[in-house]
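Note sheet for the following structure.
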Amino acid sequence: MSRDLLCNRPGSPARLGMKLIPAVAFALLMCMAVPARAGDDRAVKQRVAPVYPEIAKRMGVAGEVKIEATVDATGKVTDVKTLSGNHMLSLAAEDAVRRWRFEPGASESHVDVAVTFNR
């Protein structure tokens, strides 16, 4: 068989490769087009301590809760999301971080913070 016949057969590796090239190029363009998260290192201007949940305190639950805070340009926290940590502590950590204030920035940013609960 000639080479042209092999490349034009349905399911041939050459045809599959030709279909993958545009998909890979599109994926690379999308990765480059998505902006990096700006301002992830904004300084905390005002930190509010969390209220240790009584049930967690009695059970001896302690540890760190990692929170992603969405901060607007003025430094106000507009949204929070728990990334990791004990569920008994996460709601108290989220409530505290919602009341934090950050240094003003050029635009909205996402800041990862840790809230620690010690017994």
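Labels used: A, B, ... for chains in the order of the structure tokens, numbers from 1 for residues in each chain, and numbers from 1 for ligands as shown.
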
Tell me which protein, DNA and RNA residues are within 8 Å of stretch 45-57 of chain A, counting only C-alpha atoms, leaving out same-chain ones fewer than 3 positions away, and put them as a PyMOL selection string. chain A and resi 60-62+88-89+92-93+95-97+99-103+115+117+119

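What separates atom CA of A:Thr116 from atom CA of A:Val71 is a distance of 20.4 Å.
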
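When only C-alpha atoms are used to compute distances to A:Gly75, the closest of the residues A:Pro104, A:Val111, A:Arg42, A:Arg58 turns out to be A:Pro104.
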
Enumerate, as an mmCIF file with N, CA and C atoms, in the first residue's frame, the complete set of residues in stretch 28-112 of chain A that a backbone-based DSSP assignment places in helix (DSSP H, G or I).
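Generated output (part_34.cif):
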data_model
loop_
_atom_site.group_PDB
_atom_site.id
_atom_site.type_symbol
_atom_site.label_atom_id
_atom_site.label_comp_id
_atom_site.auth_asym_id
_atom_site.auth_seq_id
_atom_site.Cartn_x
_atom_site.Cartn_y
_atom_site.Cartn_z
ATOM 1 N N LEU A 28 -3.536 25.009 24.687
ATOM 2 C CA LEU A 28 -2.414 25.880 25.039
ATOM 3 C C LEU A 28 -2.821 27.349 25.021
ATOM 4 N N LEU A 29 -3.607 27.738 24.027
ATOM 5 C CA LEU A 29 -4.080 29.124 23.963
ATOM 6 C C LEU A 29 -4.955 29.470 25.161
ATOM 7 N N MET A 30 -5.807 28.535 25.568
ATOM 8 C CA MET A 30 -6.682 28.789 26.708
ATOM 9 C C MET A 30 -5.872 28.938 27.993
ATOM 10 N N CYS A 31 -4.836 28.134 28.148
ATOM 11 C CA CYS A 31 -3.982 28.248 29.341
ATOM 12 C C CYS A 31 -3.291 29.605 29.393
ATOM 13 N N MET A 32 -2.879 30.091 28.247
ATOM 14 C CA MET A 32 -2.189 31.379 28.200
ATOM 15 C C MET A 32 -3.181 32.540 28.330
ATOM 16 N N ALA A 33 -4.420 32.333 27.932
ATOM 17 C CA ALA A 33 -5.401 33.409 27.948
ATOM 18 C C ALA A 33 -5.978 33.648 29.334
ATOM 19 N N GLU A 54 -17.689 25.788 70.730
ATOM 20 C CA GLU A 54 -17.666 25.130 72.046
ATOM 21 C C GLU A 54 -17.588 23.613 71.926
ATOM 22 N N ILE A 55 -18.336 23.044 71.010
ATOM 23 C CA ILE A 55 -18.324 21.578 70.849
ATOM 24 C C ILE A 55 -16.943 21.088 70.414
ATOM 25 N N ALA A 56 -16.290 21.842 69.539
ATOM 26 C CA ALA A 56 -14.945 21.467 69.096
ATOM 27 C C ALA A 56 -13.953 21.583 70.246
ATOM 28 N N LYS A 57 -14.132 22.610 71.061
ATOM 29 C CA LYS A 57 -13.255 22.801 72.220
ATOM 30 C C LYS A 57 -13.397 21.633 73.195
ATOM 31 N N ARG A 58 -14.643 21.238 73.473
ATOM 32 C CA ARG A 58 -14.901 20.131 74.404
ATOM 33 C C ARG A 58 -14.362 18.807 73.878
ATOM 34 N N MET A 59 -14.414 18.642 72.557
ATOM 35 C CA MET A 59 -13.938 17.395 71.957
ATOM 36 C C MET A 59 -12.431 17.407 71.722
ATOM 37 N N HIS A 87 -14.148 20.237 59.489
ATOM 38 C CA HIS A 87 -15.446 20.876 59.208
ATOM 39 C C HIS A 87 -16.017 21.565 60.448
ATOM 40 N N MET A 88 -15.725 21.035 61.631
ATOM 41 C CA MET A 88 -16.227 21.658 62.864
ATOM 42 C C MET A 88 -15.639 23.047 63.058
ATOM 43 N N LEU A 89 -14.470 23.273 62.512
ATOM 44 C CA LEU A 89 -13.785 24.563 62.674
ATOM 45 C C LEU A 89 -13.957 25.480 61.464
ATOM 46 N N SER A 90 -14.319 24.905 60.322
ATOM 47 C CA SER A 90 -14.315 25.685 59.076
ATOM 48 C C SER A 90 -15.342 26.815 59.066
ATOM 49 N N LEU A 91 -16.522 26.598 59.620
ATOM 50 C CA LEU A 91 -17.534 27.661 59.613
ATOM 51 C C LEU A 91 -17.082 28.858 60.452
ATOM 52 N N ALA A 92 -16.468 28.578 61.612
ATOM 53 C CA ALA A 92 -15.969 29.666 62.460
ATOM 54 C C ALA A 92 -14.834 30.405 61.752
ATOM 55 N N ALA A 93 -13.974 29.661 61.060
ATOM 56 C CA ALA A 93 -12.874 30.292 60.327
ATOM 57 C C ALA A 93 -13.409 31.164 59.202
ATOM 58 N N GLU A 94 -14.399 30.661 58.454
ATOM 59 C CA GLU A 94 -14.998 31.449 57.369
ATOM 60 C C GLU A 94 -15.631 32.723 57.909
ATOM 61 N N ASP A 95 -16.366 32.619 59.030
ATOM 62 C CA ASP A 95 -17.006 33.808 59.619
ATOM 63 C C ASP A 95 -15.966 34.852 60.007
ATOM 64 N N ALA A 96 -14.852 34.414 60.568
ATOM 65 C CA ALA A 96 -13.809 35.351 60.976
ATOM 66 C C ALA A 96 -13.176 36.027 59.764
ATOM 67 N N VAL A 97 -12.838 35.228 58.733
ATOM 68 C CA VAL A 97 -12.164 35.788 57.555
ATOM 69 C C VAL A 97 -13.079 36.752 56.806
ATOM 70 N N ARG A 98 -14.376 36.529 56.839
ATOM 71 C CA ARG A 98 -15.310 37.466 56.196
ATOM 72 C C ARG A 98 -15.190 38.873 56.784
#

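Going from atom CA of A:Val44 to atom CA of A:Lys81 covers 17.2 Å.
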